[in-house]
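Note sheet for the following structure.
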Amino acid sequence: MATWNDLAELMFPDVKETIDDLKNKFPERNGVCTRFAPSPTGYLHIWGLFSCFTSWRFAKQNNGTLILRIEDTDQKRQIEWWTEFLLNALKNFGIGFDEWNLWANWEDVWDYGPYTQSQRKYFYRVFAKHLVAKWLAYPCWMTTEEIEKIRAQQELAKIMPWIYGNYSIYRNKTVDELVEMVKQNPDYIVRFRSHGDANKKIVFEDILRWKVSMWDNYNDIVLLKSDGLPTYHLAHITDDTLMKVTHIIRAEEWLTSVPLHLQLFQAFDLPAPKYCHLAQILKVDEETGKKRKISKRKDPEANVEFLLEHGFAVQWILDYLYTIMDSWFEEWQKENLDKTFLDREFALENMNKSWALIDLVKMEQVNNSYLSRISTDQLLKEWLVWAEKYNTDLADLIKSDIDYARSALNIERHTEKDPKRFYTFKDIDTQLRFFFDSEREKLVKNDELRVKSEDGKINWFGDFDMNVMKNFIDEYLNVLDFGMTTEERFDQLKQIGKKYGFASNNAEFKEWWYIWKIWDLAMFLRLALCASKRTPDLFSVMKVMWKERVENRLKWVIRLE
Ligand code: GLU
């Protein structure tokens with residue numbers, strides 16, 4: 001009569017080591033160890049960044065270790081390319097790992113590798129063999145049709161679904177029968193033999209949620225698939241045990257699997273790590289108005305690259321994620337303007353339990369307050385890094401006259417009047433481009449600067465009589481004095497404007513000889529100088545442009561007719 005050990009030997013003849021042998025190969029760690037364990041997708045998802053950032057912050061706060069583990073048991077993708085892409089993308093956010101590996105035949109520099117699951121097949125086999133030998137797992141040949149038939153029966157009878165008890169065709173076979181079957185057909189999967197009680201709730205601890213109560217697992221889940229690769233569940237137990245991970249920080253959607261995972265740890269006679277299940281990131285669906293999980297396929301803002309291209313600052317994205325991690329962070333930041341989140345103590349247990357809502361408009365507003373807060377030098381520095389990638393022509397222009405650009409950028413910054421011009425890095429384009437002569441020449445051709453009059457003639461800068469405006473420009477340039485205050489300058493403009501038909505206020509405008517108001521005159525100057533309707537304080541702009549440039553630009557207008 002065969003034993004379960006015989007069956008295990010038959011199924012895993014290549015496996016000579018035990019779990020204990022493996023455990024001894026990997027030294028004990030001192031202190032905290034956690035991991036970021038993404039499955040390869042096309043890009044870096046905002047939630048991925050959020051959970052990785054949390055794990056990284058937690059590890060750093062505790063002088064611990066952060067591992068990058070690639071969970072590629074489902075996805076057939078180009079792992080090496082993707083891992084490198086991921087490492088670079090995270091590096092951009094200042095997040096680095098203590099342990100990882102890139103290449104399949106990498107001679108592991110770190111003790112606990114390899115860190116890519118498709119390269120760890122042997123370890124999963126050691127673990128699976130252990131359970132078979134202990135009668136806690138069995139081979140299974142159930143076909144998809146058989147499984148579907150059972151599911152239909154269960155649905156009809158309104159009983160709990162899935163493969164368990166007598167619904168599992170091979171669970172109750174004798175070991176002799178199984179040995180025979182394995183000999184005849186090596187194409188099987190391996191199932192866990194669960195002894196969970198479906199009518200019982202178990203209570204476990206989650207760092208964030210404290211005590212959680214949940215129905216026990218009763219399902220004979222798959223441990224090894226027919227391609228020899230493990231399911232998430234077996235891989236979680238194997239990898240986190242051998243890599244000596246102390247804290248599992250992962251998505252809330254795994255919370256319901258904890259009873260199963262605890263059952264598995266128990267079956268292996270292994271201690272379970274600490275769990276922390278993070279809240280998901282939601283958005284309000286445009287069509288239904290309801291909250292839903294942010295989706296890789298539907299929502300461009302799920303893609304971190306999209307957010308970067310959209311012009312959100314790297315540091316700000318981290319601040320934003322930190323506000324999700326720590327509800328008190330925003331308040332703290334207002335009182336600690338010179339500090340970053342690195343100066344703030346981080347504790348997993350203080351994190352937000354509720355789902356975070358992502359909203360592009362709100363994000364722009366908060367990004368705006370970040371860009372308004374940092375120094376002009378910092379803004380220029382961060383923008384340049386961004387623009388080198390996303391706005392190269394303006395980056396080149398700005399580098400050609402960096403002091404001029406800095407003065408232009410500095411207008412009204414950190415003042416009461418700060419118009420908060422920059423919602424994203426993209427806005428810097430509209431605010432700075434016109435300062436450069438070559439660009440202003442192009443911008444000035446904008447349609448909004450031209451008005452077609454009744455006789456079909458195109459007038460520049462609106463419907464003004466250009467002969468009158470020429471005289472105004474001559475006079476204005478003669479008296480232009482950069483030493484004046486803003487008030488003095490505005491008074492001066494009002495006085496001159498009156499002569500040319502521009503009322504200096506609404507009351508004056510009622511008098512018959514005025515055709516325009518002072519604001520029209522200011523707009524004329526604005527368009528002539530900046531080729532844009534939206535600019536910061538005009539006199540400050542003129543001061544930065546300085547006399548010669550102002551003269552050239554206004555005289556250019558005179559020459560137009
Ligand atoms: N590969 C899993 C996922 O992407 C990781 C979950 C975990 O952190 O354990 O969902």
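Residue names in the structure tokens use chain letters A, B, ... in the order shown, residue numbers from 1 in each chain, and ligand numbers from 1 in the order shown.
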
Check your understanding: ligand 1: which residues are within 8 Å, counting only C-alpha atoms and all ligand atoms, as a ChimeraX atom specification?
Key -> /A:35-40,70-72,232,236,248-251,254

Can you spit out the residues from that selection as a compact mmCIF listing (two decimals), in the first residue's frame, using all heavy atoms?
```txt
# COMPACT_ATOMS: atom_id res chain seq x y z
N ARG A 35 7.62 44.19 0.93
CA ARG A 35 7.88 44.07 -0.50
C ARG A 35 6.81 44.73 -1.32
O ARG A 35 5.67 44.85 -0.91
CB ARG A 35 8.07 42.61 -0.89
CG ARG A 35 6.80 41.81 -1.12
CD ARG A 35 6.00 41.58 0.12
NE ARG A 35 4.93 40.63 -0.04
CZ ARG A 35 3.71 40.88 -0.54
NH1 ARG A 35 3.39 42.07 -0.93
NH2 ARG A 35 2.81 39.93 -0.64
N PHE A 36 7.25 45.17 -2.54
CA PHE A 36 6.29 45.61 -3.55
C PHE A 36 6.26 44.47 -4.55
O PHE A 36 7.31 44.05 -5.03
CB PHE A 36 6.79 46.92 -4.18
CG PHE A 36 5.93 47.42 -5.30
CD1 PHE A 36 4.55 47.50 -5.16
CD2 PHE A 36 6.49 47.84 -6.50
CE1 PHE A 36 3.75 47.98 -6.19
CE2 PHE A 36 5.70 48.32 -7.54
CZ PHE A 36 4.34 48.38 -7.39
N ALA A 37 5.06 43.96 -4.82
CA ALA A 37 4.97 42.72 -5.60
C ALA A 37 4.03 42.87 -6.80
O ALA A 37 2.99 42.22 -6.86
CB ALA A 37 4.50 41.59 -4.69
N PRO A 38 4.38 43.71 -7.76
CA PRO A 38 3.45 43.95 -8.86
C PRO A 38 3.42 42.80 -9.87
O PRO A 38 4.40 42.08 -10.02
CB PRO A 38 4.02 45.20 -9.53
CG PRO A 38 5.49 45.11 -9.27
CD PRO A 38 5.64 44.48 -7.92
N SER A 39 2.27 42.66 -10.50
CA SER A 39 2.18 41.77 -11.65
C SER A 39 2.45 42.65 -12.85
O SER A 39 1.96 43.78 -12.90
CB SER A 39 0.79 41.18 -11.76
OG SER A 39 0.48 40.55 -10.54
N PRO A 40 3.20 42.17 -13.81
CA PRO A 40 3.57 43.05 -14.91
C PRO A 40 2.36 43.52 -15.72
O PRO A 40 1.57 42.71 -16.19
CB PRO A 40 4.49 42.19 -15.78
CG PRO A 40 4.56 40.89 -15.14
CD PRO A 40 3.76 40.85 -13.91
N ILE A 70 8.70 40.50 -8.70
CA ILE A 70 7.85 40.54 -9.90
C ILE A 70 6.99 39.28 -9.93
O ILE A 70 7.51 38.16 -9.98
CB ILE A 70 8.72 40.64 -11.17
CG1 ILE A 70 9.66 41.85 -11.10
CG2 ILE A 70 7.83 40.71 -12.41
CD1 ILE A 70 9.00 43.19 -11.05
N GLU A 71 5.69 39.48 -9.90
CA GLU A 71 4.76 38.35 -9.85
C GLU A 71 4.25 38.06 -11.25
O GLU A 71 3.19 38.55 -11.66
CB GLU A 71 3.63 38.66 -8.87
CG GLU A 71 4.18 39.13 -7.52
CD GLU A 71 3.42 38.60 -6.32
OE1 GLU A 71 2.20 38.57 -6.36
OE2 GLU A 71 4.09 38.21 -5.33
N ASP A 72 5.00 37.27 -11.97
CA ASP A 72 4.72 37.08 -13.39
C ASP A 72 4.19 35.68 -13.69
O ASP A 72 4.45 35.12 -14.74
CB ASP A 72 6.00 37.32 -14.21
CG ASP A 72 7.13 36.39 -13.80
OD1 ASP A 72 7.07 35.83 -12.69
OD2 ASP A 72 8.07 36.21 -14.59
N TYR A 232 -1.44 32.64 -6.94
CA TYR A 232 -1.00 33.71 -6.05
C TYR A 232 -0.84 33.19 -4.62
O TYR A 232 0.12 33.54 -3.92
CB TYR A 232 -2.02 34.87 -6.07
CG TYR A 232 -1.74 35.88 -4.99
CD1 TYR A 232 -0.74 36.84 -5.17
CD2 TYR A 232 -2.43 35.85 -3.78
CE1 TYR A 232 -0.44 37.74 -4.16
CE2 TYR A 232 -2.13 36.76 -2.77
CZ TYR A 232 -1.14 37.70 -2.96
OH TYR A 232 -0.84 38.59 -1.96
N HIS A 236 2.46 33.39 -2.49
CA HIS A 236 2.51 34.31 -1.34
C HIS A 236 3.15 33.61 -0.13
O HIS A 236 4.07 34.14 0.50
CB HIS A 236 1.09 34.79 -1.04
CG HIS A 236 0.86 35.32 0.35
ND1 HIS A 236 1.74 36.18 0.97
CD2 HIS A 236 -0.15 35.12 1.23
CE1 HIS A 236 1.28 36.48 2.17
NE2 HIS A 236 0.14 35.84 2.36
N ILE A 248 3.11 42.35 5.16
CA ILE A 248 2.50 42.26 3.83
C ILE A 248 1.59 43.47 3.67
O ILE A 248 0.54 43.55 4.29
CB ILE A 248 1.63 40.97 3.70
CG1 ILE A 248 2.40 39.74 4.14
CG2 ILE A 248 1.04 40.84 2.30
CD1 ILE A 248 3.54 39.33 3.26
N ILE A 249 2.04 44.40 2.84
CA ILE A 249 1.22 45.60 2.59
C ILE A 249 0.65 45.43 1.19
O ILE A 249 1.39 45.40 0.21
CB ILE A 249 2.10 46.87 2.69
CG1 ILE A 249 2.72 46.96 4.08
CG2 ILE A 249 1.28 48.11 2.36
CD1 ILE A 249 3.78 48.04 4.23
N ARG A 250 -0.65 45.25 1.10
CA ARG A 250 -1.23 44.97 -0.22
C ARG A 250 -2.65 45.51 -0.31
O ARG A 250 -3.17 46.08 0.65
CB ARG A 250 -1.19 43.46 -0.51
CG ARG A 250 -2.03 42.66 0.46
CD ARG A 250 -1.90 41.15 0.23
NE ARG A 250 -2.71 40.44 1.19
CZ ARG A 250 -2.70 39.11 1.33
NH1 ARG A 250 -1.91 38.37 0.58
NH2 ARG A 250 -3.48 38.54 2.23
N ALA A 251 -3.29 45.30 -1.46
CA ALA A 251 -4.60 45.90 -1.71
C ALA A 251 -5.70 45.26 -0.88
O ALA A 251 -5.64 44.07 -0.57
CB ALA A 251 -4.94 45.78 -3.19
N TRP A 254 -7.42 41.81 -1.29
CA TRP A 254 -6.87 40.54 -0.78
C TRP A 254 -7.36 40.20 0.63
O TRP A 254 -7.08 39.12 1.14
CB TRP A 254 -5.33 40.57 -0.78
CG TRP A 254 -4.78 40.62 -2.17
CD1 TRP A 254 -4.15 41.68 -2.76
CD2 TRP A 254 -4.82 39.58 -3.16
NE1 TRP A 254 -3.80 41.36 -4.05
CE2 TRP A 254 -4.20 40.08 -4.31
CE3 TRP A 254 -5.33 38.28 -3.17
CZ2 TRP A 254 -4.07 39.32 -5.48
CZ3 TRP A 254 -5.20 37.52 -4.33
CH2 TRP A 254 -4.58 38.05 -5.46
```

Write out as a Markdown table the residues of range 26-75 of chain A that have any atom within 9 Å of an atom of range 258-281 of chain A, one row each with the nearest atom pair and its distance in Å to one decimal, counting only C-alpha atoms, sorted by chain and then rising number.
```
| residue | atom | partner | partner_atom | distance |
| --- | --- | --- | --- | --- |
| A:Ile46 | CA | A:Ile281 | CA | 8.3 |
| A:Trp47 | CA | A:Ile281 | CA | 6.6 |
| A:Ser51 | CA | A:Leu278 | CA | 7.4 |
```

Can I get the selected residues back with all heavy atoms, as an mmCIF file, in the first residue's frame?
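Wrote part_30.cif, looks like this:
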```cif
data_model
loop_
_atom_site.group_PDB
_atom_site.id
_atom_site.type_symbol
_atom_site.label_atom_id
_atom_site.label_comp_id
_atom_site.auth_asym_id
_atom_site.auth_seq_id
_atom_site.Cartn_x
_atom_site.Cartn_y
_atom_site.Cartn_z
ATOM 1 N N ILE A 46 -1.457 54.203 -10.822
ATOM 2 C CA ILE A 46 -1.412 55.117 -9.670
ATOM 3 C C ILE A 46 -1.531 54.329 -8.363
ATOM 4 O O ILE A 46 -0.884 54.657 -7.362
ATOM 5 C CB ILE A 46 -2.507 56.224 -9.778
ATOM 6 C CG1 ILE A 46 -2.427 57.236 -8.634
ATOM 7 C CG2 ILE A 46 -3.908 55.671 -9.850
ATOM 8 C CD1 ILE A 46 -1.370 58.251 -8.769
ATOM 9 N N TRP A 47 -2.324 53.265 -8.391
ATOM 10 C CA TRP A 47 -2.446 52.484 -7.172
ATOM 11 C C TRP A 47 -1.135 51.748 -6.860
ATOM 12 O O TRP A 47 -0.731 51.624 -5.709
ATOM 13 C CB TRP A 47 -3.611 51.491 -7.232
ATOM 14 C CG TRP A 47 -3.972 51.100 -5.835
ATOM 15 C CD1 TRP A 47 -4.865 51.726 -5.026
ATOM 16 C CD2 TRP A 47 -3.375 50.065 -5.050
ATOM 17 N NE1 TRP A 47 -4.863 51.142 -3.784
ATOM 18 C CE2 TRP A 47 -3.960 50.124 -3.778
ATOM 19 C CE3 TRP A 47 -2.394 49.106 -5.305
ATOM 20 C CZ2 TRP A 47 -3.612 49.254 -2.758
ATOM 21 C CZ3 TRP A 47 -2.043 48.233 -4.291
ATOM 22 C CH2 TRP A 47 -2.664 48.309 -3.036
ATOM 23 N N SER A 51 0.846 52.075 -3.387
ATOM 24 C CA SER A 51 1.174 50.992 -2.453
ATOM 25 C C SER A 51 2.687 50.844 -2.321
ATOM 26 O O SER A 51 3.208 50.562 -1.246
ATOM 27 C CB SER A 51 0.517 49.673 -2.872
ATOM 28 O OG SER A 51 1.045 49.247 -4.087
#
```

Give me, as a PDB file with C-alpha atoms, in the first residue's frame, all polymer residues having an atom no more than 12 Å from range 432-442 of chain A, counting only C-alpha atoms and skipping those fewer than 6 positions away in the same chain.
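To be explicit, this is the file written out as selection_23.pdb:
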```
ATOM      1  CA  LEU A 380      12.095  76.532 -12.481  1.00  0.00           C
ATOM      2  CA  TRP A 383       9.761  72.535 -14.532  1.00  0.00           C
ATOM      3  CA  ASN A 391       8.222  70.592 -23.758  1.00  0.00           C
ATOM      4  CA  ASP A 393      11.515  73.593 -27.472  1.00  0.00           C
ATOM      5  CA  LEU A 394      10.528  75.887 -24.609  1.00  0.00           C
ATOM      6  CA  ALA A 395      13.099  74.230 -22.361  1.00  0.00           C
ATOM      7  CA  ASP A 396      15.799  75.138 -24.907  1.00  0.00           C
ATOM      8  CA  LEU A 397      14.540  78.714 -25.154  1.00  0.00           C
ATOM      9  CA  ILE A 398      14.466  79.139 -21.416  1.00  0.00           C
ATOM     10  CA  LYS A 399      17.925  77.700 -20.970  1.00  0.00           C
ATOM     11  CA  SER A 400      19.172  80.220 -23.554  1.00  0.00           C
ATOM     12  CA  ASP A 401      18.244  83.077 -21.180  1.00  0.00           C
ATOM     13  CA  ILE A 402      17.625  81.555 -17.803  1.00  0.00           C
ATOM     14  CA  TYR A 404      15.217  86.470 -17.992  1.00  0.00           C
ATOM     15  CA  ALA A 405      12.978  83.399 -17.637  1.00  0.00           C
ATOM     16  CA  ARG A 406      13.405  83.361 -13.862  1.00  0.00           C
ATOM     17  CA  SER A 407      12.407  87.046 -13.586  1.00  0.00           C
ATOM     18  CA  ALA A 408       9.388  86.415 -15.792  1.00  0.00           C
ATOM     19  CA  LEU A 409       8.399  83.407 -13.741  1.00  0.00           C
ATOM     20  CA  ASN A 410       8.886  85.343 -10.538  1.00  0.00           C
ATOM     21  CA  ILE A 411       6.240  87.985 -11.296  1.00  0.00           C
ATOM     22  CA  ARG A 421      -1.094  81.043 -12.586  1.00  0.00           C
ATOM     23  CA  PHE A 422       0.206  77.537 -12.743  1.00  0.00           C
ATOM     24  CA  PHE A 425       3.589  72.580 -15.552  1.00  0.00           C
ATOM     25  CA  LYS A 426       1.800  72.951 -18.863  1.00  0.00           C
ATOM     26  CA  LEU A 449      -5.656  89.553 -31.881  1.00  0.00           C
ATOM     27  CA  ARG A 526      -1.446  93.480 -23.125  1.00  0.00           C
ATOM     28  CA  LEU A 527      -2.159  92.047 -26.540  1.00  0.00           C
ATOM     29  CA  ALA A 528       0.464  94.177 -28.217  1.00  0.00           C
ATOM     30  CA  LEU A 529       3.157  93.203 -25.729  1.00  0.00           C
ATOM     31  CA  CYS A 530       2.230  89.656 -24.838  1.00  0.00           C
ATOM     32  CA  ALA A 531      -0.032  88.444 -27.644  1.00  0.00           C
ATOM     33  CA  SER A 532      -2.173  86.980 -24.874  1.00  0.00           C
ATOM     34  CA  LYS A 533      -5.278  88.043 -22.984  1.00  0.00           C
ATOM     35  CA  ARG A 534      -4.194  86.361 -19.764  1.00  0.00           C
ATOM     36  CA  THR A 535      -1.012  87.669 -18.261  1.00  0.00           C
ATOM     37  CA  PRO A 536       0.118  88.721 -14.818  1.00  0.00           C
ATOM     38  CA  VAL A 541       5.677  92.207 -17.260  1.00  0.00           C
ATOM     39  CA  MET A 542       6.996  95.396 -18.858  1.00  0.00           C
ATOM     40  CA  LYS A 543       9.623  95.722 -16.155  1.00  0.00           C
ATOM     41  CA  VAL A 544      10.898  92.242 -16.875  1.00  0.00           C
ATOM     42  CA  MET A 545      10.839  92.796 -20.630  1.00  0.00           C
ATOM     43  CA  TRP A 546      12.543  96.120 -20.068  1.00  0.00           C
ATOM     44  CA  GLU A 548      14.029  98.207 -25.417  1.00  0.00           C
ATOM     45  CA  ARG A 549      11.857  95.154 -25.777  1.00  0.00           C
ATOM     46  CA  VAL A 550       8.713  97.096 -24.800  1.00  0.00           C
ATOM     47  CA  ASN A 552      10.225  97.295 -30.056  1.00  0.00           C
ATOM     48  CA  ARG A 553       7.003  95.459 -29.443  1.00  0.00           C
ATOM     49  CA  TRP A 556       5.934  96.918 -34.218  1.00  0.00           C
ATOM     50  CA  VAL A 557       2.251  97.622 -33.746  1.00  0.00           C
TER      51      VAL A 557
END
```

Restrict the calculation to only C-alpha atoms, then for each residue of range 281-324 of chain A with any atom at most 10 Å from an atom of range 359-372 of chain A give the closest atom pair and their distance in Å to one decimal, rows by chain and rising residue number, as a tab-separated table.
```
residue	atom	partner	partner_atom	distance
A:Leu282	CA	A:Asp359	CA	8.9
A:Lys283	CA	A:Asp359	CA	6.4
A:Val284	CA	A:Asp359	CA	7.7
A:Glu301	CA	A:Leu360	CA	7.4
A:Leu307	CA	A:Leu360	CA	9.2
A:His310	CA	A:Glu364	CA	9.6
A:Gly311	CA	A:Asn367	CA	9.1
A:Phe312	CA	A:Asn367	CA	6.5
A:Ala313	CA	A:Asn367	CA	7.3
A:Gln315	CA	A:Tyr370	CA	8.9
A:Trp316	CA	A:Asn367	CA	6.3
A:Ile317	CA	A:Asn367	CA	8.0
A:Asp319	CA	A:Tyr370	CA	9.0
A:Tyr320	CA	A:Met363	CA	8.0
```

Please, what distance in Å, to one decimal, runs between CA of Leu66 in chain A and CA of Gly96 in chain A?
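Straight-line distance from CA of Leu66 in chain A to CA of Gly96 in chain A works out to 8.3 Å.
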
From a DSSP calculation on the backbone, collect every residue of range 142-366 of chain A in strand (DSSP E or B) and output the set as a compact mmCIF listing (two decimals) with N, CA, C and O atoms, in the first residue's frame.
```
# COMPACT_ATOMS: atom_id res chain seq x y z
N ILE A 189 -3.27 19.29 -11.86
CA ILE A 189 -2.96 20.46 -11.02
C ILE A 189 -2.90 19.96 -9.57
O ILE A 189 -3.27 18.81 -9.30
N VAL A 190 -2.45 20.83 -8.66
CA VAL A 190 -2.42 20.41 -7.25
C VAL A 190 -3.37 21.30 -6.46
O VAL A 190 -3.31 22.52 -6.56
N ARG A 191 -4.26 20.63 -5.71
CA ARG A 191 -5.22 21.37 -4.89
C ARG A 191 -4.90 21.24 -3.41
O ARG A 191 -4.42 20.20 -2.96
N PHE A 192 -5.25 22.27 -2.67
CA PHE A 192 -5.12 22.28 -1.22
C PHE A 192 -6.31 21.51 -0.64
O PHE A 192 -7.42 21.60 -1.15
N LYS A 201 -16.86 31.87 11.51
CA LYS A 201 -16.12 33.09 11.19
C LYS A 201 -14.79 33.06 11.93
O LYS A 201 -14.74 32.58 13.06
N ILE A 202 -13.75 33.56 11.30
CA ILE A 202 -12.50 33.66 12.04
C ILE A 202 -12.15 35.14 12.24
O ILE A 202 -12.59 36.00 11.48
N VAL A 203 -11.37 35.37 13.26
CA VAL A 203 -10.98 36.75 13.55
C VAL A 203 -9.46 36.84 13.40
O VAL A 203 -8.74 35.98 13.90
N PHE A 204 -9.01 37.82 12.67
CA PHE A 204 -7.57 38.02 12.54
C PHE A 204 -7.24 39.50 12.64
O PHE A 204 -8.14 40.34 12.57
N GLU A 205 -5.96 39.78 12.74
CA GLU A 205 -5.55 41.17 12.90
C GLU A 205 -5.02 41.75 11.61
O GLU A 205 -4.29 41.07 10.88
N ASP A 206 -5.42 42.96 11.37
CA ASP A 206 -4.88 43.71 10.24
C ASP A 206 -4.37 45.02 10.84
O ASP A 206 -5.08 45.64 11.65
N TRP A 210 -7.38 46.68 12.46
CA TRP A 210 -7.37 46.08 13.78
C TRP A 210 -7.92 44.66 13.72
O TRP A 210 -7.36 43.81 13.06
N LYS A 211 -9.09 44.39 14.36
CA LYS A 211 -9.59 43.01 14.33
C LYS A 211 -10.62 42.86 13.21
O LYS A 211 -11.59 43.60 13.16
N VAL A 212 -10.38 41.89 12.35
CA VAL A 212 -11.29 41.68 11.23
C VAL A 212 -11.93 40.30 11.40
O VAL A 212 -11.25 39.33 11.73
N SER A 213 -13.23 40.26 11.17
CA SER A 213 -13.92 38.98 11.30
C SER A 213 -14.42 38.58 9.91
O SER A 213 -15.04 39.38 9.21
N MET A 214 -14.15 37.34 9.52
CA MET A 214 -14.49 36.93 8.16
C MET A 214 -14.82 35.44 8.12
O MET A 214 -14.30 34.67 8.93
N TRP A 215 -15.65 35.02 7.14
CA TRP A 215 -15.96 33.61 6.99
C TRP A 215 -14.69 32.83 6.68
O TRP A 215 -13.85 33.28 5.92
N VAL A 222 -6.60 25.95 -5.87
CA VAL A 222 -5.48 25.41 -6.64
C VAL A 222 -4.18 25.99 -6.08
O VAL A 222 -4.09 27.18 -5.80
N LEU A 223 -3.21 25.12 -5.91
CA LEU A 223 -1.89 25.58 -5.45
C LEU A 223 -0.92 25.69 -6.62
O LEU A 223 -0.27 26.70 -6.81
N LEU A 224 -0.86 24.59 -7.39
CA LEU A 224 0.02 24.58 -8.57
C LEU A 224 -0.84 24.39 -9.81
O LEU A 224 -1.71 23.54 -9.83
N PRO A 230 2.79 28.48 -9.74
CA PRO A 230 1.89 28.52 -8.58
C PRO A 230 0.76 29.52 -8.77
O PRO A 230 0.87 30.42 -9.60
N HIS A 247 6.11 42.12 6.87
CA HIS A 247 4.87 42.86 6.73
C HIS A 247 4.36 42.77 5.29
O HIS A 247 5.09 43.11 4.36
N ILE A 248 3.11 42.35 5.16
CA ILE A 248 2.50 42.26 3.83
C ILE A 248 1.59 43.47 3.67
O ILE A 248 0.54 43.55 4.29
N ILE A 249 2.04 44.40 2.84
CA ILE A 249 1.22 45.60 2.59
C ILE A 249 0.65 45.43 1.19
O ILE A 249 1.39 45.40 0.21
N ARG A 250 -0.65 45.25 1.10
CA ARG A 250 -1.23 44.97 -0.22
C ARG A 250 -2.65 45.51 -0.31
O ARG A 250 -3.17 46.08 0.65
N ALA A 251 -3.29 45.30 -1.46
CA ALA A 251 -4.60 45.90 -1.71
C ALA A 251 -5.70 45.26 -0.88
O ALA A 251 -5.64 44.07 -0.57
N LYS A 274 2.65 39.84 9.35
CA LYS A 274 1.61 40.82 9.70
C LYS A 274 1.00 41.33 8.40
O LYS A 274 1.70 41.51 7.41
N TYR A 275 -0.30 41.56 8.45
CA TYR A 275 -0.99 42.03 7.24
C TYR A 275 -1.45 43.48 7.39
O TYR A 275 -1.85 43.90 8.47
N CYS A 276 -1.38 44.18 6.27
CA CYS A 276 -1.92 45.54 6.23
C CYS A 276 -2.57 45.73 4.86
O CYS A 276 -1.88 45.72 3.84
N HIS A 277 -3.89 45.83 4.84
CA HIS A 277 -4.59 45.94 3.56
C HIS A 277 -4.99 47.39 3.29
O HIS A 277 -5.75 47.98 4.04
N LEU A 278 -4.44 47.91 2.21
CA LEU A 278 -4.62 49.34 1.92
C LEU A 278 -5.92 49.62 1.19
O LEU A 278 -6.36 48.82 0.36
N ILE A 281 -8.14 53.14 -4.55
CA ILE A 281 -8.35 54.50 -5.06
C ILE A 281 -9.55 54.46 -6.00
O ILE A 281 -9.60 53.66 -6.92
N LEU A 282 -10.51 55.33 -5.72
CA LEU A 282 -11.75 55.35 -6.50
C LEU A 282 -11.85 56.64 -7.30
O LEU A 282 -11.14 57.60 -7.05
N LYS A 283 -12.78 56.63 -8.25
CA LYS A 283 -13.13 57.89 -8.90
C LYS A 283 -14.63 57.92 -9.12
O LYS A 283 -15.29 56.88 -9.07
N VAL A 284 -15.14 59.12 -9.36
CA VAL A 284 -16.57 59.22 -9.64
C VAL A 284 -16.75 59.02 -11.15
O VAL A 284 -16.15 59.73 -11.95
N LYS A 291 -19.30 56.17 -7.45
CA LYS A 291 -17.89 55.89 -7.21
C LYS A 291 -17.55 54.49 -7.71
O LYS A 291 -18.32 53.57 -7.52
N ARG A 292 -16.38 54.38 -8.31
CA ARG A 292 -15.94 53.04 -8.71
C ARG A 292 -14.41 53.00 -8.68
O ARG A 292 -13.75 54.03 -8.64
N LYS A 293 -13.89 51.78 -8.70
CA LYS A 293 -12.44 51.60 -8.65
C LYS A 293 -11.82 52.20 -9.92
O LYS A 293 -12.37 52.01 -11.01
N ASN A 303 -2.87 56.04 -15.08
CA ASN A 303 -1.50 55.84 -15.55
C ASN A 303 -0.60 56.97 -15.03
O ASN A 303 -0.83 58.14 -15.34
N ALA A 356 -9.89 56.21 -1.09
CA ALA A 356 -9.51 57.55 -1.51
C ALA A 356 -10.12 57.84 -2.88
O ALA A 356 -10.26 56.94 -3.70
N LEU A 357 -10.47 59.09 -3.06
CA LEU A 357 -11.12 59.49 -4.30
C LEU A 357 -10.13 60.30 -5.14
O LEU A 357 -9.52 61.23 -4.64
```

Residues within 10 Å of range 461-471 of chain A, only C-alpha atoms, excluding chain neighbours under 6 positions, as a VMD selection string: chain A and resid 444 447 to 453 497 499 to 501 515 to 516 520 to 521 523 to 528 531 554 to 555 557 to 561

Taking the DSSP assignment computed from this structure's backbone, write out as JSON, numbers by chain all residues of range 363-477 of chain A that belong to helix (DSSP H, G or I).
{"A": [363, 364, 365, 366, 367, 368, 369, 370, 371, 372, 373, 376, 377, 378, 379, 380, 381, 382, 383, 384, 385, 386, 387, 388, 389, 390, 392, 393, 394, 395, 396, 397, 398, 399, 400, 402, 403, 404, 405, 406, 407, 408, 409, 410, 427, 428, 429, 430, 431, 432, 433, 434, 435, 437, 438, 439, 440, 441, 442, 443, 447, 448, 449, 466, 467, 468, 469, 470, 471, 472, 473, 474, 475, 476, 477]}

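Of the residues under consideration (A:Leu178, A:Leu384, A:Val126, A:Leu538), A:Leu538 shows the shortest atom-to-atom contact distance to Glu412 in chain A when counting only C-alpha atoms.
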
With distances taken over only C-alpha atoms, the candidate from A:Lys494, A:Thr73, A:Glu345, A:Gly289 nearest Lys225 in chain A is A:Thr73

Do you know which residues are at most 12 Å from Gln495 in chain A counting only C-alpha atoms, after dropping those on the same chain fewer than 4 positions away, and could you put them as a ChimeraX atom specification?
-> /A:472,475-476,479,488-491,499-505,517-518,521

- From A:Lys200, A:Asp537, A:Ile67, A:Asn336, residue lying nearest Ala522 in chain A [only C-alpha atoms]: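 Among A:Lys200, A:Asp537, A:Ile67, A:Asn336, it is A:Asp537 that comes nearest to Ala522 in chain A.
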
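For the choices A:His130, A:Ile79, A:Thr116, A:Asn92, the atom-to-atom distance to Trp4 in chain A is smallest for A:His130 when using only C-alpha atoms.
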